[in-house]
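To start, the structure itself, in structure tokens.
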Amino acid sequence: MASVQVSNVRKVYQRDQQQIPVLDGLSLDVVSGDFVALMGPSGSGKTTLLNLIGGIDQPTSGEVRVGEESIGRLSGRALAKWRARNIGFIFQLYNLIPVLTAIQNVELPLLLVKMSGKERRQRALTALELVGLGDRIHHYPRQLSGGQEQRVAIARAIVSDPSVLLADEPTGDLDRKSAEEILLLLERLNQEFQKTIVMVTHDPHAAERARRVVHLDKGVLSN
Amino acid sequence: MQILLALVALIAVFGLAWALLWAVGWGLRRLLGRTTVSPLTFLFVGLTRNWIRTVLTVMSVAAALFLYVALGGVLDTLKGAIQVGSEQRLITRNGISLVFPLPIAYRERIAAVPGVQTVSCSNWFGGQDPNDPHNFYAQFAVDAATYFPMYAKDVEFVEASKPQVQVALAPGVDPALAAFMSEQTACVVGVKLMKKMGWKLGQTVTVKGTIYPGNWPFTIRAVYRAKVKSMREETMFFHWQYLNQMGMGGQSFVGVYHLALSQPERAADIAMQVDAMFENSSAATHTETERAFEAGFVSMYGNIPFVLRIIGLAVVFAILLVAANTMLMSFRERTTEFGVLKTLGYSDGTVFAIVLAEAAVITLGGGLLGALLAKSLVQKFDLAVLPPMRVDWSTVYGGVGVAVLLGAVSALIPAWQAMKLRIVDALRRV
């Protein structure tokens with residue numbers, strides 16, 4: 001069964017009077033537990049596709065289904081709730097809140113779930129231990145290296161146990177060694193915890209770690 | 001000097017408040033860094049991310065509200081000044097203007113009006129401190145034998161010289177005034193004036209006459225404390241007979257007559273009767289209650305209350321712009337963070353509430369600080385020409401209300417922008 005189903009999706013951006021097509025009738029199925037790498041040149045629509053799957057942008061036409069949900073039909077509030085339950089985001093620049101400690105950053109998604117403070121802290125701690133940062137929980141982002149920040153971001157993405165992880169250039173801002181650690185972590189999440197992962201990357205080495213590589217060019221799949 | 005001291009005190013208080021806020025923020029932040037995250041933590045770390053800016057904004061709101069409430073206090077004081085003075089006593093003055101005197105001959109005729117118990121008189125002296133003409137205080141020449149018994153319930157004598165010779169006091173005159181009554185150049189001074197001038201009982205002080213020229217020496221023979229608001233403690237009283245002989249050449253003019261009534265419920269009738277008696281004379285009179293007479297002085301301030309309100313609102317409006325700009329800056333700096341929060345599943349409404357709550361804490365905190373400081377500090381001022389300064393609680397509540405409104409209005413634009421922010425646009429900004 002497909003975990004992510006993108007059907008004939010078009011996305012056109014309007015800039016002044018000009019229409020800029022980004023995705024042009026794209027269809028893609030990602031089965032549950034798959035690890036897909038999206039590759040392609042800049043402007044090919046990779047990040048736009050990731051945003052549509054994550055429900056943070058709406059397609060101009062076509063349908064995006066994640067699990068049983070057709071996310072285009074959800075209202076803004078319902079979509080926010082759905083994202084909190086089902087999707088984990090990992091960004092290139094980590095996007096941690098600088099004034100919160102590592103564990104507080106990881107706790108953030110759990111504030112949206114009915115849960116005691118103690119349970120919230122325990123789950124955040126488990127997620128941080130899983131990414132190998134159990135000893136850095138009270139450190140602020142500025143006190144961590146880039147690789148460690150990205151691991152905190154991964155802990156934040158998995159803490160609410162979503163079925164799908166969306167990673168936008170997760171190793172793009174890291175050195176080779178840190179990038180390797182992050183990729184190993186994503187592999188582990190995919191293999192041990194059966195997370196469905198869709199990763200945008202420019203790096204062929206990173207793409208090799210995925211089970212499947214999909215190439216985009218000018219808004220359509222090129223393979 | 002008093003203003004300079006007040007300014008220094010104000011800066012010190014604000015500096016202390018700053019240090020306190022900073023210390024509390026630093027301590028709480030360290031504490032909260034180790035606790036589980038909650039909406040309150042989230043709000044607090046939002047406020048403390050740029051701690052200096054937050055404290056400065058709180059201080060600017062506090063300063064604006066201090067001024068707003070302090071100006072409100074002046075209005076409260078003016079309003080209060082209308083309500084002082086007795087309605088049981090009447091004042092008779094020249095019908096044309098207070099600056100024109102009345103003949104002493106009116107006294108017996110007024111005293112004969114049914115319902116009038118006793119009549120006293122006083123004259124505004126208008127003297128200056130010869131050492132410092134700007135050091136203002138009021139002096140009145142009064143018919144002491146009738147004046148002080150008439151105001152016996154309004155003042156108490158806390159210090160008095162012993163009389164050199166035994167004198168027979170008029171009925172109702174406080175025995176403490178024996179020395180004062182027996183000496184032509186004696187005077188009675190309020191406790192605040194004694195303190196302000198650094199005078200001592202028995203000291204001879206000189207007043208430079210402006211209406212009645214020359215240097216006038218007076219010996220302080222008694223010190224009084226006011227028991228009612230209408231009686232100021234920065235006033236000097238001396239004998240009307242002394243002024244009549246030395247200043248008026250025995251022409252016997254008085255500034256106003258004070259009428260104590262045996263039938264206070266007939267005050268309006270009595271006033272009309274008195275004025276009717278002198279309607280066609282060379283000096284027609286105007287008689288009114290003491291309270292109305294005091295209120296007449298306040299009305300001389302004209303549009304000052306209106307001007308004060310405009311100044312207060314202008315200050316608040318200026319701070320509104322500052323606060324709105326600060327909120328906008330804070331929002332712009334965190335655009336990506338708001339995008340991340342929305343990505344994690346935080347609703348538009350929650351993001352709107354976060355921005356609004358931060359603004360509410362800043363403006364409400366600043367507003368409370370400024371309003372309460374104004375309440376506690378302004379009341380310590382004494383403007384001499386008015387009753388003691390006061391700030392009503394209603395003015396403080398009004399100020400806090402203005403602060404809340406300020407917060408809501410200043411945060412509305414950034415909160416709205418945060419709510420309407422599209423995630424893809426927010427994440428695109430680095």
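Within each chain, counting starts at residue 1; across the structure tokens, chains are named A, B, ... in the order shown, with ligands numbered 1 upward in that order.
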
Set the cut-off to 10 Å and count only C-alpha atoms: what are the residues of chain B that reach chain A? Output as a ChimeraX atom specification. /B:29,32-39,41-42,44-46,48-50,334,336-349,422-425,427,430

Taking the DSSP assignment computed from this structure's backbone, write out as a ChimeraX atom specification all residues of segment 210-390 of chain B that belong to strand (DSSP E). /B:214-226,235-239,253-254,256-261,285-289

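Here atom CA of Leu185 of chain A stands at a distance of 8.8 Å from atom CA of Ile154 of chain A.
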
Enumerate the residues of segment 11-116 of chain A with a DSSP assignment of helix (DSSP H, G or I), computed from the backbone, and present them as an NGL selection string. :A and (46-53 or 71-73 or 76-86 or 102-112)

Could the residues in this selection be written to a file with N, CA and C atoms, as an mmCIF file, in the first residue's frame?
```
data_model
loop_
_atom_site.group_PDB
_atom_site.id
_atom_site.type_symbol
_atom_site.label_atom_id
_atom_site.label_comp_id
_atom_site.auth_asym_id
_atom_site.auth_seq_id
_atom_site.Cartn_x
_atom_site.Cartn_y
_atom_site.Cartn_z
ATOM 1 N N LYS A 46 11.869 19.966 -6.430
ATOM 2 C CA LYS A 46 12.043 18.961 -5.356
ATOM 3 C C LYS A 46 11.422 19.440 -4.033
ATOM 4 N N THR A 47 11.835 20.638 -3.617
ATOM 5 C CA THR A 47 11.351 21.148 -2.321
ATOM 6 C C THR A 47 9.848 21.411 -2.380
ATOM 7 N N THR A 48 9.372 21.889 -3.547
ATOM 8 C CA THR A 48 7.929 22.134 -3.692
ATOM 9 C C THR A 48 7.159 20.828 -3.510
ATOM 10 N N LEU A 49 7.689 19.748 -4.102
ATOM 11 C CA LEU A 49 7.030 18.443 -3.966
ATOM 12 C C LEU A 49 7.011 18.015 -2.490
ATOM 13 N N LEU A 50 8.137 18.234 -1.810
ATOM 14 C CA LEU A 50 8.236 17.871 -0.392
ATOM 15 C C LEU A 50 7.217 18.679 0.441
ATOM 16 N N ASN A 51 7.105 19.958 0.105
ATOM 17 C CA ASN A 51 6.148 20.816 0.819
ATOM 18 C C ASN A 51 4.706 20.361 0.602
ATOM 19 N N LEU A 52 4.416 19.911 -0.609
ATOM 20 C CA LEU A 52 3.054 19.444 -0.904
ATOM 21 C C LEU A 52 2.757 18.166 -0.136
ATOM 22 N N ILE A 53 3.748 17.271 -0.067
ATOM 23 C CA ILE A 53 3.541 16.012 0.667
ATOM 24 C C ILE A 53 3.349 16.312 2.165
ATOM 25 N N ILE A 71 -4.945 15.246 1.654
ATOM 26 C CA ILE A 71 -4.673 16.428 2.489
ATOM 27 C C ILE A 71 -5.162 17.743 1.884
ATOM 28 N N GLY A 72 -5.470 17.736 0.598
ATOM 29 C CA GLY A 72 -5.987 18.945 -0.047
ATOM 30 C C GLY A 72 -7.351 19.332 0.480
ATOM 31 N N ARG A 73 -8.050 18.363 1.089
ATOM 32 C CA ARG A 73 -9.416 18.633 1.553
ATOM 33 C C ARG A 73 -9.453 19.174 2.986
ATOM 34 N N GLY A 76 -7.211 24.649 7.184
ATOM 35 C CA GLY A 76 -5.918 25.069 7.736
ATOM 36 C C GLY A 76 -5.654 24.487 9.113
ATOM 37 N N ARG A 77 -6.671 24.544 9.977
ATOM 38 C CA ARG A 77 -6.506 24.074 11.357
ATOM 39 C C ARG A 77 -6.360 22.550 11.398
ATOM 40 N N ALA A 78 -7.206 21.882 10.591
ATOM 41 C CA ALA A 78 -7.162 20.411 10.560
ATOM 42 C C ALA A 78 -5.832 19.941 9.978
ATOM 43 N N LEU A 79 -5.357 20.690 8.996
ATOM 44 C CA LEU A 79 -4.086 20.333 8.359
ATOM 45 C C LEU A 79 -2.932 20.467 9.358
ATOM 46 N N ALA A 80 -2.980 21.518 10.185
ATOM 47 C CA ALA A 80 -1.936 21.710 11.209
ATOM 48 C C ALA A 80 -1.939 20.532 12.180
ATOM 49 N N LYS A 81 -3.138 20.109 12.595
ATOM 50 C CA LYS A 81 -3.256 18.962 13.510
ATOM 51 C C LYS A 81 -2.732 17.690 12.852
ATOM 52 N N TRP A 82 -3.100 17.534 11.579
ATOM 53 C CA TRP A 82 -2.679 16.341 10.836
ATOM 54 C C TRP A 82 -1.153 16.295 10.736
ATOM 55 N N ARG A 83 -0.542 17.446 10.430
ATOM 56 C CA ARG A 83 0.928 17.514 10.319
ATOM 57 C C ARG A 83 1.587 17.104 11.639
ATOM 58 N N ALA A 84 1.014 17.623 12.743
ATOM 59 C CA ALA A 84 1.597 17.333 14.060
ATOM 60 C C ALA A 84 1.603 15.832 14.343
ATOM 61 N N ARG A 85 0.583 15.119 13.847
ATOM 62 C CA ARG A 85 0.464 13.681 14.139
ATOM 63 C C ARG A 85 1.245 12.809 13.171
ATOM 64 N N ASN A 86 1.304 13.232 11.896
ATOM 65 C CA ASN A 86 1.756 12.304 10.853
ATOM 66 C C ASN A 86 3.087 12.618 10.182
ATOM 67 N N ALA A 102 18.121 21.852 24.000
ATOM 68 C CA ALA A 102 17.900 20.726 23.083
ATOM 69 C C ALA A 102 16.617 19.985 23.448
ATOM 70 N N ILE A 103 16.470 19.688 24.742
ATOM 71 C CA ILE A 103 15.286 18.891 25.138
ATOM 72 C C ILE A 103 13.999 19.701 24.990
ATOM 73 N N GLN A 104 14.077 21.011 25.238
ATOM 74 C CA GLN A 104 12.878 21.844 25.074
ATOM 75 C C GLN A 104 12.483 21.932 23.604
ATOM 76 N N ASN A 105 13.481 22.000 22.720
ATOM 77 C CA ASN A 105 13.191 21.997 21.287
ATOM 78 C C ASN A 105 12.483 20.709 20.883
ATOM 79 N N VAL A 106 12.964 19.599 21.444
ATOM 80 C CA VAL A 106 12.375 18.300 21.085
ATOM 81 C C VAL A 106 10.967 18.174 21.660
ATOM 82 N N GLU A 107 10.752 18.815 22.798
ATOM 83 C CA GLU A 107 9.423 18.744 23.436
ATOM 84 C C GLU A 107 8.360 19.533 22.667
ATOM 85 N N LEU A 108 8.792 20.492 21.863
ATOM 86 C CA LEU A 108 7.835 21.410 21.212
ATOM 87 C C LEU A 108 6.641 20.727 20.528
ATOM 88 N N PRO A 109 6.882 19.715 19.676
ATOM 89 C CA PRO A 109 5.714 19.104 19.003
ATOM 90 C C PRO A 109 4.760 18.433 19.992
ATOM 91 N N LEU A 110 5.304 18.004 21.153
ATOM 92 C CA LEU A 110 4.463 17.289 22.121
ATOM 93 C C LEU A 110 3.541 18.230 22.893
ATOM 94 N N LEU A 111 3.821 19.542 22.822
ATOM 95 C CA LEU A 111 2.923 20.502 23.484
ATOM 96 C C LEU A 111 1.540 20.490 22.840
ATOM 97 N N LEU A 112 1.486 20.004 21.614
ATOM 98 C CA LEU A 112 0.205 19.989 20.896
ATOM 99 C C LEU A 112 -0.605 18.735 21.214
#
```

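Of the listed residues (B:Lys195, B:Arg53, B:Arg232, B:Lys162), B:Lys162 comes nearest to Pro175 of chain B; the distances count only C-alpha atoms.
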
Set the distance at 9 Å and use only C-alpha atoms: which residues neighbour segment 97-103 of chain B once local chain neighbours fewer than 3 positions away are removed? I'd like the list as a list in words. Arg93, Asn94, Tyr106, Arg107, Asn123, Gln251, Ser252, Phe253, Val254, Gly255, Val256, Tyr257, Ala283, Ala284, Thr285 and His286 of chain B

Can I get the selection written as a JSON list (two decimals), in the first residue's frame, with C-alpha atoms?
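Output file out-v4.json is given in full below:
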```
[["chain", "number", "residue", "atom", "x", "y", "z"],
["B", 93, "ARG", "CA", -15.98, 89.53, 48.27],
["B", 94, "ASN", "CA", -16.13, 92.55, 46.00],
["B", 106, "TYR", "CA", -19.72, 96.33, 55.97],
["B", 107, "ARG", "CA", -18.77, 94.04, 58.83],
["B", 123, "ASN", "CA", -6.56, 90.25, 53.28],
["B", 251, "GLN", "CA", -8.18, 103.09, 55.56],
["B", 252, "SER", "CA", -9.59, 99.82, 56.89],
["B", 253, "PHE", "CA", -10.19, 97.78, 53.77],
["B", 254, "VAL", "CA", -10.57, 94.02, 53.82],
["B", 255, "GLY", "CA", -10.12, 91.48, 51.05],
["B", 256, "VAL", "CA", -12.95, 89.14, 51.96],
["B", 257, "TYR", "CA", -15.38, 88.57, 54.79],
["B", 283, "ALA", "CA", -18.65, 98.35, 46.41],
["B", 284, "ALA", "CA", -21.28, 95.75, 45.56],
["B", 285, "THR", "CA", -20.63, 92.30, 46.99],
["B", 286, "HIS", "CA", -20.69, 88.73, 45.80]]
```

When you look at segment 265-273 of chain B with a cut-off of 7 Å (counting only C-alpha atoms), what residues show up, excluding the ones that are within fewer than 4 positions of it in the same chain? I need them as a list in words. Gly115, Met277, Thr287 and Glu288 of chain B

May I have the selected residues written with C-alpha atoms, as a tab-separated table (two decimals), in the first residue's frame?
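Okay, out_7.tsv is ready:
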```
chain	number	residue	atom	x	y	z
B	115	GLY	CA	-28.58	83.52	60.35
B	277	MET	CA	-27.85	94.95	51.10
B	287	THR	CA	-21.37	86.11	48.46
B	288	GLU	CA	-20.94	82.39	47.95
```

What is the distance between atom CA of Lys192 of chain B and atom CA of Arg390 of chain B, in Å to one decimal? 17.1 Å

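Taking only C-alpha atoms into account, Ser61 of chain A lies nearest to A:Val12 out of the set A:Leu144, A:Ala37, A:Leu74, A:Val12.
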
Nearest residue to Leu38 of chain A out of A:Val22, A:Leu130, A:Leu125, A:Ala206, using only C-alpha atoms?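 Once distances to Leu38 of chain A are computed over only C-alpha atoms, the minimum belongs to A:Ala206.
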
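The interatomic distance for the pair atom CA of Arg221 of chain B and atom CA of Asp154 of chain B works out to 18.8 Å.
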
Could you list, as a compact mmCIF listing (two decimals) with C-alpha atoms, in the first residue's frame, every residue within 12 Å of Trp199 of chain B, counting only C-alpha atoms and ignoring same-chain residues fewer than 4 positions away?
```txt
# COMPACT_ATOMS: atom_id res chain seq x y z
CA VAL B 188 1.26 81.99 62.88
CA VAL B 189 2.92 79.63 60.39
CA GLY B 190 1.99 76.19 58.97
CA VAL B 191 4.24 73.21 59.74
CA LYS B 192 5.19 72.62 56.11
CA LEU B 193 6.24 76.23 55.63
CA MET B 194 8.35 76.05 58.81
CA LYS B 195 10.07 72.95 57.49
CA GLN B 203 12.38 83.63 65.00
CA THR B 204 11.79 86.99 63.34
CA VAL B 205 11.39 86.65 59.59
CA THR B 206 11.09 89.37 56.97
CA PHE B 218 7.17 89.11 61.72
CA THR B 219 7.91 87.02 64.80
CA ILE B 220 6.72 83.42 64.68
CA ARG B 221 4.62 82.84 67.80
CA ALA B 222 2.67 79.69 66.86
CA VAL B 223 2.80 76.79 64.43
```
